[in-house]
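Engineer: To be precise about what I am sending: the file is called structure.cif and holds mmCIF, C-alpha atoms and all ligand atoms.
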```cif
data_start
#
loop_
_atom_site.label_atom_id
_atom_site.label_comp_id
_atom_site.auth_asym_id
_atom_site.auth_seq_id
_atom_site.Cartn_x
_atom_site.Cartn_y
_atom_site.Cartn_z
CA MET A 1 131.37 121.82 99.55
CA CYS A 2 130.91 120.26 96.11
CA PRO A 3 132.49 117.18 94.59
CA GLY A 4 135.55 118.39 92.79
CA GLY A 5 135.88 121.47 95.01
CA ARG A 6 139.14 121.88 96.91
CA GLY A 7 138.97 121.15 100.63
CA ARG A 8 141.52 121.51 103.42
CA TRP A 9 142.84 118.03 102.70
CA ASP A 10 143.60 118.23 99.04
CA VAL A 11 147.05 117.04 99.93
CA ASP A 12 147.38 113.43 101.12
CA VAL A 13 145.32 112.57 104.16
CA VAL A 14 146.79 110.01 106.52
CA GLY A 15 145.01 110.87 109.77
CA VAL A 16 141.99 109.02 111.11
CA THR A 17 138.75 110.38 109.82
CA ILE A 18 135.25 109.56 108.56
CA VAL A 19 135.28 108.97 104.82
CA ILE A 20 132.22 109.29 102.59
CA ALA A 21 133.01 107.53 99.33
CA GLY A 22 131.00 109.19 96.55
CA GLY A 23 129.48 112.65 96.52
CA GLY A 24 126.26 111.88 94.67
CA LEU A 25 122.83 111.92 96.28
CA SER A 26 123.61 109.64 99.23
CA GLY A 27 127.10 111.03 99.94
CA LEU A 28 125.91 114.63 99.86
CA SER A 29 122.81 113.83 101.91
CA LEU A 30 124.83 112.06 104.57
CA ALA A 31 127.33 114.94 104.76
CA ALA A 32 124.41 117.33 105.25
CA HIS A 33 122.83 115.25 108.02
CA LEU A 34 126.16 114.81 109.81
CA THR A 35 126.42 118.59 110.18
CA ARG A 36 123.35 118.52 112.45
CA GLN A 37 125.21 116.48 115.08
CA PRO A 38 128.85 116.79 113.99
CA PRO A 39 130.90 113.69 114.83
CA ALA A 40 134.17 113.90 116.79
CA GLU A 41 136.24 112.94 113.74
CA PRO A 42 136.78 115.10 110.67
CA VAL A 43 134.59 114.17 107.69
CA LEU A 44 136.09 113.78 104.23
CA LEU A 45 133.94 113.30 101.11
CA VAL A 46 135.69 111.83 98.06
CA ASP A 47 134.25 111.87 94.54
CA ASP A 48 135.93 111.22 91.22
CA GLY A 49 133.50 113.31 89.17
CA SER A 50 132.47 110.35 87.01
CA ARG A 51 128.75 111.12 87.53
CA PRO A 52 128.49 114.87 88.16
CA VAL A 53 125.54 115.84 90.34
CA THR A 54 125.16 119.01 88.31
CA GLY A 55 123.64 116.90 85.53
CA ALA A 56 121.20 115.13 87.87
CA GLY A 57 117.91 115.97 89.56
CA TRP A 58 115.62 114.13 91.94
CA ALA A 59 111.89 114.09 92.57
CA TRP A 60 110.40 112.77 95.80
CA TRP A 61 107.34 112.85 98.01
CA SER A 62 107.40 113.34 101.73
CA GLU A 63 104.97 114.13 104.50
CA ARG A 64 107.42 115.93 106.79
CA PRO A 65 109.91 118.74 106.44
CA GLY A 66 113.34 117.65 105.22
CA LEU A 67 116.76 119.16 105.84
CA LEU A 68 117.35 119.76 102.12
CA ASP A 69 113.80 120.82 101.13
CA GLY A 70 115.13 124.33 100.47
CA ALA A 71 117.01 122.97 97.45
CA ALA A 72 113.75 122.06 95.69
CA CYS A 73 112.84 124.25 92.74
CA ARG A 74 109.35 122.72 92.40
CA SER A 75 106.79 121.69 95.02
CA PHE A 76 103.33 120.30 94.25
CA ASP A 77 100.24 119.42 96.29
CA HIS A 78 98.40 117.50 93.54
CA VAL A 79 99.37 114.78 91.07
CA ARG A 80 97.71 113.48 87.93
CA VAL A 81 97.34 109.82 87.03
CA HIS A 82 95.91 108.36 83.83
CA ALA A 83 95.14 104.66 84.09
CA GLY A 84 92.36 102.33 83.02
CA GLY A 85 91.12 104.88 80.49
CA ARG A 86 90.48 107.45 83.21
CA GLU A 87 92.27 110.61 84.30
CA ARG A 88 92.33 111.67 87.93
CA VAL A 89 93.88 114.63 89.74
CA LEU A 90 94.54 113.60 93.34
CA GLY A 91 95.38 115.73 96.35
CA LEU A 92 98.47 114.77 98.31
CA GLY A 93 97.06 115.37 101.81
CA ARG A 94 99.98 115.94 104.15
CA TYR A 95 102.45 115.01 101.42
CA ARG A 96 104.25 117.29 98.99
CA TYR A 97 105.90 116.19 95.77
CA ARG A 98 109.16 118.05 95.15
CA TYR A 99 111.99 118.22 92.67
CA ALA A 100 115.55 119.44 93.22
CA ARG A 101 118.28 119.95 90.66
CA GLY A 102 121.61 118.35 91.52
CA ALA A 103 123.44 121.69 91.43
CA ASP A 104 120.97 123.22 93.90
CA LEU A 105 121.23 120.22 96.21
CA ALA A 106 125.05 120.37 96.15
CA ALA A 107 124.94 124.12 96.88
CA ALA A 108 122.56 123.57 99.83
CA VAL A 109 124.85 120.87 101.24
CA GLY A 110 127.83 123.18 100.75
CA ARG A 111 126.15 125.88 102.83
CA LEU A 112 125.61 123.42 105.68
CA THR A 113 129.11 121.91 105.63
CA ARG A 114 130.91 125.24 105.36
CA ALA A 115 129.15 126.37 108.53
CA VAL A 116 130.78 123.66 110.67
CA PRO A 117 134.50 122.87 111.09
CA ASP A 118 136.17 119.69 109.89
CA PHE A 119 134.11 118.92 106.78
CA ALA A 120 136.05 118.72 103.53
CA ALA A 121 135.73 117.36 100.01
CA ARG A 122 138.30 116.28 97.49
CA ARG A 123 138.37 114.98 93.96
CA GLY A 124 139.66 111.40 93.94
CA HIS A 125 138.93 107.94 92.64
CA VAL A 126 138.17 105.37 95.35
CA GLU A 127 139.99 102.21 94.29
CA ALA A 128 139.44 99.97 97.30
CA ILE A 129 137.86 99.94 100.75
CA THR A 130 138.96 97.45 103.39
CA SER A 131 138.14 96.90 107.03
CA ASP A 132 140.27 95.08 109.53
CA ALA A 133 140.31 94.98 113.33
CA GLY A 134 137.65 97.64 113.60
CA ARG A 135 139.47 100.16 111.41
CA ALA A 136 138.93 100.87 107.74
CA ARG A 137 141.24 101.98 104.95
CA VAL A 138 140.25 103.69 101.75
CA LEU A 139 142.60 103.71 98.80
CA VAL A 140 142.17 106.98 96.91
CA ASP A 141 144.29 107.43 93.78
CA GLY A 142 146.91 105.13 95.27
CA THR A 143 147.01 106.85 98.66
CA PRO A 144 145.63 104.98 101.69
CA ILE A 145 143.43 106.88 104.10
CA ALA A 146 142.81 105.46 107.58
CA ALA A 147 139.22 105.82 108.67
CA THR A 148 137.16 105.22 111.78
CA TRP A 149 134.08 104.75 109.62
CA VAL A 150 133.60 104.60 105.88
CA PHE A 151 130.28 105.29 104.16
CA ASP A 152 130.46 103.68 100.77
CA SER A 153 128.19 104.60 97.86
CA VAL A 154 130.60 103.60 95.09
CA LEU A 155 132.04 100.09 95.46
CA GLY A 156 129.27 98.32 97.36
CA PRO A 157 129.37 95.12 99.37
CA GLY A 158 130.58 92.87 96.53
CA GLU A 159 127.77 90.32 96.39
CA ARG A 160 124.85 91.70 94.38
CA PRO A 161 121.27 91.06 95.50
CA ARG A 162 119.07 89.10 93.11
CA GLU A 163 117.68 91.35 90.39
CA ASP A 164 113.87 91.12 90.27
CA ALA A 165 113.26 93.61 87.47
CA ARG A 166 114.69 96.65 85.73
CA LEU A 167 113.32 100.14 85.57
CA VAL A 168 114.22 101.16 82.05
CA PHE A 169 113.58 104.84 81.45
CA ARG A 170 114.42 107.72 79.16
CA GLY A 171 113.45 111.31 79.82
CA TRP A 172 113.48 114.37 77.63
CA HIS A 173 113.71 117.91 78.91
CA VAL A 174 111.33 119.44 76.43
CA ARG A 175 110.55 123.04 75.50
CA THR A 176 107.41 123.64 73.48
CA GLU A 177 106.53 126.66 71.36
CA ARG A 178 103.02 126.95 72.79
CA PRO A 179 101.67 126.08 76.27
CA ALA A 180 101.46 122.29 76.54
CA PHE A 181 101.87 121.38 80.22
CA ASP A 182 99.90 122.02 83.39
CA PRO A 183 102.57 123.81 85.47
CA GLU A 184 100.85 123.01 88.79
CA VAL A 185 100.31 119.25 88.48
CA PRO A 186 102.91 116.60 87.61
CA THR A 187 101.71 113.40 85.95
CA LEU A 188 102.98 110.46 88.00
CA PHE A 189 101.96 107.97 85.37
CA ASP A 190 100.04 108.00 82.14
CA PHE A 191 99.51 104.61 80.55
CA ARG A 192 98.60 106.00 77.14
CA THR A 193 101.72 104.47 75.64
CA ALA A 194 102.28 101.05 74.05
CA GLN A 195 102.24 98.13 76.51
CA ASP A 196 103.41 95.47 74.07
CA GLY A 197 107.02 95.18 75.29
CA ALA A 198 106.88 95.81 79.03
CA ALA A 199 104.61 97.51 81.56
CA SER A 200 105.14 101.14 80.52
CA PHE A 201 103.94 104.61 81.36
CA VAL A 202 104.91 108.23 80.79
CA TYR A 203 105.79 110.63 83.59
CA VAL A 204 105.61 114.41 83.21
CA LEU A 205 107.30 116.84 85.58
CA PRO A 206 106.37 120.39 84.59
CA PHE A 207 108.74 123.32 85.11
CA GLY A 208 106.33 125.70 83.40
CA GLU A 209 103.61 125.54 80.76
CA ARG A 210 106.20 125.24 77.98
CA HIS A 211 108.91 123.26 79.77
CA ALA A 212 108.81 119.79 81.30
CA LEU A 213 110.70 116.58 81.87
CA VAL A 214 108.77 113.91 79.98
CA GLU A 215 109.92 110.40 80.81
CA HIS A 216 109.06 107.02 79.33
CA THR A 217 109.36 104.34 82.03
CA ALA A 218 109.06 100.56 81.84
CA PHE A 219 109.15 97.83 84.49
CA ALA A 220 111.04 95.23 82.46
CA PRO A 221 112.36 91.74 83.22
CA PRO A 222 115.83 91.44 84.82
CA GLY A 223 118.71 92.12 82.45
CA THR A 224 116.66 94.15 79.95
CA THR A 225 118.64 96.86 78.19
CA ALA A 226 117.16 100.04 76.78
CA ASP A 227 115.85 100.09 73.24
CA VAL A 228 116.72 103.74 72.77
CA PRO A 229 115.06 104.30 69.35
CA ALA A 230 111.83 102.73 70.68
CA GLN A 231 111.94 104.88 73.82
CA ARG A 232 112.45 108.03 71.74
CA ALA A 233 109.63 107.03 69.39
CA ALA A 234 107.32 106.50 72.39
CA LEU A 235 108.23 109.93 73.80
CA ALA A 236 107.63 111.60 70.43
CA GLU A 237 104.30 109.80 70.05
CA TYR A 238 103.22 110.86 73.55
CA LEU A 239 104.12 114.52 72.96
CA THR A 240 102.49 114.67 69.56
CA GLY A 241 99.67 112.13 69.71
CA VAL A 242 98.61 112.32 73.39
CA LEU A 243 99.53 115.81 74.60
CA ARG A 244 99.24 117.44 71.16
CA ALA A 245 102.13 119.65 72.24
CA GLY A 246 102.85 121.01 68.75
CA ALA A 247 106.41 121.96 67.91
CA TYR A 248 108.93 121.08 70.61
CA HIS A 249 112.67 121.02 71.20
CA VAL A 250 114.48 118.40 73.22
CA VAL A 251 117.00 120.38 75.30
CA GLY A 252 118.30 117.52 77.43
CA GLU A 253 118.02 113.77 77.79
CA GLU A 254 118.52 111.33 80.65
CA GLY A 255 118.10 107.61 80.84
CA ALA A 256 119.03 104.50 82.76
CA ALA A 257 118.23 100.85 83.25
CA LEU A 258 118.09 100.60 87.04
CA PRO A 259 118.25 97.09 88.53
CA LEU A 260 115.43 96.63 91.03
CA SER A 261 115.68 94.15 93.87
CA ALA A 262 113.39 93.34 96.75
CA ALA A 263 116.16 91.41 98.51
CA PRO A 264 117.95 92.89 101.52
CA VAL A 265 121.59 93.98 101.22
CA ARG A 266 124.16 93.22 103.91
CA ARG A 267 125.28 96.79 104.47
CA ARG A 268 127.80 96.44 107.27
CA HIS A 269 131.31 95.17 106.66
CA GLY A 270 133.46 95.85 109.73
CA ALA A 271 133.80 99.63 109.95
CA VAL A 272 132.24 100.14 106.51
CA LEU A 273 128.55 100.92 105.93
CA THR A 274 127.16 100.85 102.42
CA ILE A 275 124.83 103.73 101.56
CA GLY A 276 122.68 104.83 98.60
CA THR A 277 121.79 102.62 95.67
CA GLU A 278 124.48 100.12 96.63
CA ALA A 279 122.73 99.70 99.99
CA GLY A 280 119.45 98.73 98.33
CA LEU A 281 117.79 102.06 99.06
CA VAL A 282 116.09 102.30 95.68
CA LYS A 283 112.53 101.17 96.47
CA ALA A 284 112.01 98.12 94.30
CA SER A 285 108.40 98.84 93.37
CA THR A 286 108.90 102.53 92.48
CA GLY A 287 112.55 103.20 91.56
CA TYR A 288 112.55 106.20 93.94
CA ALA A 289 115.36 106.54 96.48
CA TYR A 290 115.58 110.22 97.46
CA GLU A 291 113.42 110.20 100.58
CA ARG A 292 114.71 106.82 101.74
CA ILE A 293 118.25 108.17 101.46
CA GLN A 294 117.27 111.23 103.53
CA GLN A 295 115.75 109.04 106.25
CA ASP A 296 118.77 106.73 106.18
CA SER A 297 121.19 109.67 106.41
CA ALA A 298 119.32 111.09 109.39
CA ALA A 299 119.34 107.68 111.11
CA ILE A 300 123.09 107.25 110.55
CA ALA A 301 123.82 110.70 112.00
CA ARG A 302 121.56 109.92 114.99
CA SER A 303 123.24 106.57 115.58
CA LEU A 304 126.71 108.13 115.54
CA ALA A 305 125.63 110.82 117.98
CA VAL A 306 123.80 108.49 120.36
CA HIS A 307 125.79 105.23 120.15
CA GLY A 308 129.20 106.32 118.82
CA HIS A 309 128.72 104.01 115.80
CA PRO A 310 126.57 104.30 112.67
CA PHE A 311 124.86 100.91 112.72
CA ALA A 312 121.75 101.43 114.92
CA LEU A 313 119.44 101.79 111.93
CA PRO A 314 115.75 100.93 111.67
CA ARG A 315 115.12 97.55 110.06
CA PRO A 316 112.75 97.53 107.09
CA ARG A 317 109.68 95.30 107.57
CA PRO A 318 110.03 92.07 105.57
CA ARG A 319 106.40 92.15 104.42
CA HIS A 320 107.08 95.30 102.37
CA ARG A 321 109.89 93.51 100.54
CA LEU A 322 107.46 90.68 99.90
CA PHE A 323 104.91 93.12 98.41
CA ASP A 324 107.57 94.79 96.25
CA GLY A 325 108.84 91.44 95.00
CA ALA A 326 105.33 90.19 94.25
CA LEU A 327 104.48 93.36 92.29
CA LEU A 328 107.65 93.02 90.22
CA ASP A 329 106.99 89.32 89.60
CA VAL A 330 103.48 90.06 88.37
CA VAL A 331 104.19 93.07 86.17
CA THR A 332 107.27 91.59 84.50
CA ARG A 333 105.25 88.47 83.57
CA HIS A 334 102.00 90.21 82.65
CA ALA A 335 102.69 93.75 81.41
CA GLY A 336 99.00 94.79 81.51
CA GLN A 337 98.78 94.17 85.27
CA LEU A 338 100.68 97.33 86.21
CA GLU A 339 98.01 99.62 84.77
CA LYS A 340 95.26 97.56 86.41
CA ALA A 341 97.01 97.71 89.79
CA PHE A 342 97.69 101.46 89.61
CA ALA A 343 94.19 102.20 88.33
CA ALA A 344 92.78 100.39 91.36
CA LEU A 345 95.22 101.85 93.90
CA PHE A 346 94.74 105.45 92.75
CA ASP A 347 90.96 105.24 92.37
CA ARG A 348 90.46 107.73 95.23
CA THR A 349 90.49 111.48 95.83
CA SER A 350 93.75 111.59 97.79
CA ALA A 351 97.02 109.85 96.95
CA GLU A 352 98.05 109.99 100.62
CA PRO A 353 97.12 106.38 101.58
CA VAL A 354 99.05 104.99 98.61
CA LEU A 355 102.10 107.15 99.31
CA ARG A 356 102.06 106.07 102.95
CA PHE A 357 101.98 102.45 101.77
CA LEU A 358 104.89 103.05 99.38
CA ASP A 359 106.74 104.70 102.28
CA GLU A 360 106.14 101.50 104.28
CA ARG A 361 104.29 103.40 106.99
CA THR A 362 100.94 101.62 106.74
CA SER A 363 99.48 99.11 109.19
CA VAL A 364 98.35 95.65 108.10
CA ALA A 365 94.73 96.84 108.36
CA GLU A 366 95.42 99.84 106.10
CA GLU A 367 97.15 97.57 103.61
CA ALA A 368 94.21 95.16 103.58
CA ALA A 369 91.91 98.11 102.76
CA LEU A 370 94.19 99.23 99.92
CA PHE A 371 94.53 95.74 98.45
CA ALA A 372 90.77 95.15 98.56
CA SER A 373 90.45 97.08 95.30
CA MET A 374 93.38 95.32 93.57
CA PRO A 375 93.10 92.51 91.01
CA ALA A 376 93.97 89.98 93.72
CA PRO A 377 94.61 86.47 92.27
CA ALA A 378 97.86 87.24 90.42
CA TYR A 379 99.33 88.96 93.50
CA VAL A 380 98.21 86.31 95.95
CA ALA A 381 99.89 83.69 93.74
CA ALA A 382 103.09 85.78 93.50
CA VAL A 383 103.21 86.31 97.28
CA ALA A 384 102.68 82.58 97.82
CA ARG A 385 105.48 81.75 95.34
CA ARG A 386 107.86 84.12 97.11
CA MET A 387 106.99 82.78 100.54
CA ARG A 388 107.73 79.25 99.33
CA ALA A 389 111.05 80.27 97.69
C1 LIG B 401 118.84 109.00 85.66
C2 LIG B 401 118.32 108.69 87.05
C3 LIG B 401 117.29 109.47 87.56
C4 LIG B 401 116.81 109.20 88.84
N1 LIG B 401 115.80 109.99 89.33
C5 LIG B 401 115.35 109.77 90.58
C6 LIG B 401 114.35 110.60 91.13
O1 LIG B 401 113.85 111.53 90.48
N2 LIG B 401 113.93 110.37 92.40
C7 LIG B 401 114.46 109.37 93.16
O2 LIG B 401 114.05 109.22 94.33
N3 LIG B 401 115.40 108.55 92.66
C8 LIG B 401 115.87 108.73 91.40
N4 LIG B 401 116.85 107.91 90.91
C9 LIG B 401 117.35 106.78 91.75
C10 LIG B 401 118.40 107.25 92.80
O3 LIG B 401 117.84 108.22 93.65
C11 LIG B 401 119.64 107.86 92.16
O4 LIG B 401 120.29 106.89 91.38
C12 LIG B 401 120.62 108.44 93.20
O5 LIG B 401 121.50 109.29 92.52
C13 LIG B 401 121.39 107.37 93.96
O6 LIG B 401 122.30 107.99 94.84
P1 LIG B 401 123.74 107.35 95.11
O7 LIG B 401 124.44 108.26 96.03
O8 LIG B 401 123.62 105.93 95.48
O9 LIG B 401 124.47 107.35 93.68
P2 LIG B 401 124.95 108.60 92.83
O10 LIG B 401 124.06 109.76 93.06
O11 LIG B 401 125.11 108.12 91.44
O12 LIG B 401 126.37 108.96 93.44
C14 LIG B 401 127.53 108.20 93.26
C15 LIG B 401 128.70 109.18 93.23
O13 LIG B 401 129.92 108.44 93.31
C16 LIG B 401 130.86 108.97 92.39
N5 LIG B 401 131.74 107.82 92.07
C17 LIG B 401 131.43 106.69 91.38
N6 LIG B 401 132.47 105.83 91.43
C18 LIG B 401 133.43 106.42 92.19
C19 LIG B 401 134.73 106.01 92.65
N7 LIG B 401 135.24 104.79 92.37
N8 LIG B 401 135.45 106.88 93.41
C20 LIG B 401 134.94 108.09 93.74
N9 LIG B 401 133.73 108.51 93.35
C21 LIG B 401 132.97 107.69 92.60
C22 LIG B 401 130.04 109.51 91.23
O14 LIG B 401 130.72 110.58 90.59
C23 LIG B 401 128.77 109.99 91.95
O15 LIG B 401 128.86 111.36 92.30
C24 LIG B 401 117.35 108.14 89.63
C25 LIG B 401 118.36 107.36 89.07
C26 LIG B 401 118.85 107.63 87.81
C27 LIG B 401 119.96 106.75 87.27
#
```
Render the structure in this file as structure tokens.
Ligand SMILES: Cc1cc2nc3c(=O)[nH]c(=O)nc-3n(C[C@H](O)[C@H](O)[C@H](O)COP(=O)(O)OP(=O)(O)OC[C@H]3O[C@@H](n4cnc5c(N)ncnc54)[C@H](O)[C@@H]3O)c2cc1C

Structural biologist:
Amino acid sequence: MCPGGRGRWDVDVVGVTIVIAGGGLSGLSLAAHLTRQPPAEPVLLVDDGSRPVTGAGWAWWSERPGLLDGAACRSFDHVRVHAGGRERVLGLGRYRYRYARGADLAAAVGRLTRAVPDFAARRGHVEAITSDAGRARVLVDGTPIAATWVFDSVLGPGERPREDARLVFRGWHVRTERPAFDPEVPTLFDFRTAQDGAASFVYVLPFGERHALVEHTAFAPPGTTADVPAQRAALAEYLTGVLRAGAYHVVGEEGAALPLSAAPVRRRHGAVLTIGTEAGLVKASTGYAYERIQQDSAAIARSLAVHGHPFALPRPRPRHRLFDGALLDVVTRHAGQLEKAFAALFDRTSAEPVLRFLDERTSVAEEAALFASMPAPAYVAAVARRMRA
């Protein structure tokens, strides 16, 4: 099943069903997880093709096997960081860092959904989603579809959470004429790029020694838009001045200005549950969402199977939102603080404790140990400000 593929219901659907609005990362992931414990109702995924997954790709870290791990074309057990004038290669412990292309992820989901009855996909534009008296309706290209449950990754709950920062990034898929990349070790962040505008670093995901995704990333104040010429100049400078990559060709480009928010989103509206980015699943302090979406999809499928509804989901711990918000407050006010914080956090042989913290799996004691090395006063003040707000 792929967005745009023809399913059994390419004609109008009027029966009661489960509708997944949007067949991007969260819609596809949820469809995949629902196949593990198929619900009683048929499942219909609707996507209008406005953001084709075939042009996308996602990197993530995780410490346990995932349903869609087989879609990954790259898997790493070390990462490189360059911060505070020092380069480190860190082991990942129980974690692996992976990357999947959108086309491979969609194909993997298709294999799972084709193996069970009553899963279908159709091309269609979701115009409205309503919920009344416990039943939902989805308007697709003018045709209403009655639904027991709707999982919405396209329209969202209406009210937007407060934006705390923006992750403004631009990545080049680069091919070099001579070997320029370490094919075994991605660079999570390299601060050897100008810090005068916003807290910025470069990320390198190698596909081989002559092919990589090289991405300039900035944590910028809310509302910031991309300065595309400056981003391209920074990428060129990194390739030439820092990596000394020699001649290179840019074979693809991606970019976005992702709003980041540490505020919770009200996800449930009657029989509608918001999923994906619209549900606040992009981690505010990292911009990553892949693994959170996988965990959320698994929890939704479990809730449907156990409780007959999709709403028995784990609640995120408020203190992690507080940490995320404080980090964003600090680094958007004082650009240089991001490098200092990351240099301190990753000053160790294994990245595992930091990844566990970013996954919100650490205890208070483990967090205290991690923060002990951080430049504390700015963060303490930001936490205090947020607690007062
Ligand atoms: C360029 C970019 C790179 C990213 N890289 C990573 C990464 O490497 N790792 C990571 O963890 N996170 C990453 N993220 C963050 C996040 O994981 C992605 O944005 C992810 O795609 C979010 O999933 P989603 O399902 O919410 O949205 P999407 O994947 O964008 O899916 C939305 C889908 O809905 C469809 N659609 C939109 N409107 C309608 C409508 N009205 N009717 C029907 N269909 C509609 C679109 O065609 C699309 O397929 C990245 C984000 C961006 C923007």

Engineer: For a quick check of understanding, using all atoms listed in the file, which of A:Val282, A:Ala233, A:Ala305, A:Ala271 has the smallest distance to ligand LIG 401 (chain B)?

Structural biologist: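 Looking at the shortest contact to ligand LIG 401 (chain B), the residue is A:Val282.
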
Engineer: Need to verify the contact set: range 206-223 of chain A, 7 Å, only C-alpha atoms, exclusion of same-chain residues closer than 2 positions in sequence. Can you return it as a PDB file with C-alpha atoms, in the frame of the given file?

Structural biologist:
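Saved file part_13.pdb follows:
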```pdb
ATOM      1  CA  GLU A 163     117.680  91.350  90.390  1.00  0.00           C
ATOM      2  CA  ASP A 164     113.870  91.120  90.270  1.00  0.00           C
ATOM      3  CA  ALA A 165     113.260  93.610  87.470  1.00  0.00           C
ATOM      4  CA  ARG A 166     114.690  96.650  85.730  1.00  0.00           C
ATOM      5  CA  LEU A 167     113.320 100.140  85.570  1.00  0.00           C
ATOM      6  CA  VAL A 168     114.220 101.160  82.050  1.00  0.00           C
ATOM      7  CA  PHE A 169     113.580 104.840  81.450  1.00  0.00           C
ATOM      8  CA  ARG A 170     114.420 107.720  79.160  1.00  0.00           C
ATOM      9  CA  GLY A 171     113.450 111.310  79.820  1.00  0.00           C
ATOM     10  CA  TRP A 172     113.480 114.370  77.630  1.00  0.00           C
ATOM     11  CA  HIS A 173     113.710 117.910  78.910  1.00  0.00           C
ATOM     12  CA  VAL A 174     111.330 119.440  76.430  1.00  0.00           C
ATOM     13  CA  ARG A 175     110.550 123.040  75.500  1.00  0.00           C
ATOM     14  CA  THR A 176     107.410 123.640  73.480  1.00  0.00           C
ATOM     15  CA  GLU A 177     106.530 126.660  71.360  1.00  0.00           C
ATOM     16  CA  ARG A 178     103.020 126.950  72.790  1.00  0.00           C
ATOM     17  CA  PRO A 179     101.670 126.080  76.270  1.00  0.00           C
ATOM     18  CA  ALA A 180     101.460 122.290  76.540  1.00  0.00           C
ATOM     19  CA  PHE A 181     101.870 121.380  80.220  1.00  0.00           C
ATOM     20  CA  ASP A 182      99.900 122.020  83.390  1.00  0.00           C
ATOM     21  CA  PRO A 183     102.570 123.810  85.470  1.00  0.00           C
ATOM     22  CA  PRO A 186     102.910 116.600  87.610  1.00  0.00           C
ATOM     23  CA  ALA A 198     106.880  95.810  79.030  1.00  0.00           C
ATOM     24  CA  ALA A 199     104.610  97.510  81.560  1.00  0.00           C
ATOM     25  CA  SER A 200     105.140 101.140  80.520  1.00  0.00           C
ATOM     26  CA  PHE A 201     103.940 104.610  81.360  1.00  0.00           C
ATOM     27  CA  VAL A 202     104.910 108.230  80.790  1.00  0.00           C
ATOM     28  CA  TYR A 203     105.790 110.630  83.590  1.00  0.00           C
ATOM     29  CA  VAL A 204     105.610 114.410  83.210  1.00  0.00           C
ATOM     30  CA  THR A 225     118.640  96.860  78.190  1.00  0.00           C
ATOM     31  CA  GLN A 231     111.940 104.880  73.820  1.00  0.00           C
ATOM     32  CA  LEU A 235     108.230 109.930  73.800  1.00  0.00           C
ATOM     33  CA  THR A 332     107.270  91.590  84.500  1.00  0.00           C
TER      34      THR A 332
END
```

Engineer: Please report as CSV every residue of chain A lying within 7 Å of ligand LIG 401 (chain B), along with the nearest atom pair and their distance in Å (one decimal), using all atoms listed in the file.

Structural biologist:
```
residue,atom,partner,partner_atom,distance
A:Ala21,CA,B:LIG401,C20,5.9
A:Gly22,CA,B:LIG401,O13,3.5
A:Gly23,CA,B:LIG401,O15,4.5
A:Gly24,CA,B:LIG401,O12,3.2
A:Leu25,CA,B:LIG401,O7,4.0
A:Ser26,CA,B:LIG401,O7,3.6
A:Gly27,CA,B:LIG401,O7,5.5
A:Val46,CA,B:LIG401,C20,5.8
A:Asp47,CA,B:LIG401,N9,3.6
A:Asp48,CA,B:LIG401,N9,4.1
A:Gly49,CA,B:LIG401,O14,4.1
A:Ser50,CA,B:LIG401,O14,4.0
A:Arg51,CA,B:LIG401,O14,3.7
A:Pro52,CA,B:LIG401,O14,5.4
A:Val53,CA,B:LIG401,O15,5.9
A:Ala56,CA,B:LIG401,C3,6.9
A:Gly57,CA,B:LIG401,O1,6.1
A:Trp58,CA,B:LIG401,O1,3.5
A:Ala59,CA,B:LIG401,O1,3.8
A:Trp60,CA,B:LIG401,O2,5.3
A:Gly124,CA,B:LIG401,C20,5.8
A:His125,CA,B:LIG401,N8,3.7
A:Val126,CA,B:LIG401,N8,3.7
A:Glu127,CA,B:LIG401,N7,5.7
A:Ser153,CA,B:LIG401,O8,5.3
A:Val154,CA,B:LIG401,N6,4.7
A:Leu155,CA,B:LIG401,N7,6.5
A:Glu254,CA,B:LIG401,C1,5.5
A:Gly255,CA,B:LIG401,C1,5.1
A:Ala256,CA,B:LIG401,C27,5.1
A:Leu258,CA,B:LIG401,C27,6.4
A:Ile275,CA,B:LIG401,O8,6.6
A:Gly276,CA,B:LIG401,O8,3.4
A:Thr277,CA,B:LIG401,O8,3.8
A:Glu278,CA,B:LIG401,O8,6.0
A:Val282,CA,B:LIG401,C9,6.1
A:Gly287,CA,B:LIG401,C9,6.0
A:Tyr288,CA,B:LIG401,O2,3.4
A:Ala289,CA,B:LIG401,O2,3.7
A:Tyr290,CA,B:LIG401,O2,3.6
A:Glu291,CA,B:LIG401,O2,6.4
```

Engineer: I want to know what sits within 8 Å of Arg94 in chain A, based on all atoms listed in the file, with residues of the same chain fewer than 5 positions away left out; could you give that as JSON, numbers by chain?

Structural biologist: {"A": [63, 64, 352]}

Engineer: Hey, what's within 7 Å of Val185 in chain A if we count all atoms listed in the file and toss same-chain stuff fewer than 2 positions away? As a PyMOL selection string, please?

Structural biologist: chain A and resi 76+78-80+182-183+187

Engineer: From the options A:Leu273, A:Ala108, A:Val116, A:Cys73, which residue's atoms come nearest to Pro42 in chain A, counting all atoms listed in the file?

Structural biologist: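 Smallest separation from Pro42 in chain A among the options: A:Val116.
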
Engineer: For CA of Thr148 in chain A and CA of Ala136 in chain A, quote the distance in Å rounded to one decimal.

Structural biologist: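 Straight-line distance from CA of Thr148 in chain A to CA of Ala136 in chain A works out to 6.2 Å.
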
Engineer: From the options A:Phe371, A:Phe357, A:Phe191, A:Phe311, which residue's atoms come nearest to Gly270 in chain A, counting all atoms listed in the file?

Structural biologist: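 Of all the options, A:Phe311 lies closest to Gly270 in chain A.
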
Engineer: What gap, in Å, lies between CA of Ala226 in chain A and CA of Arg160 in chain A?

Structural biologist: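 Distance between the two atoms: 20.9 Å.
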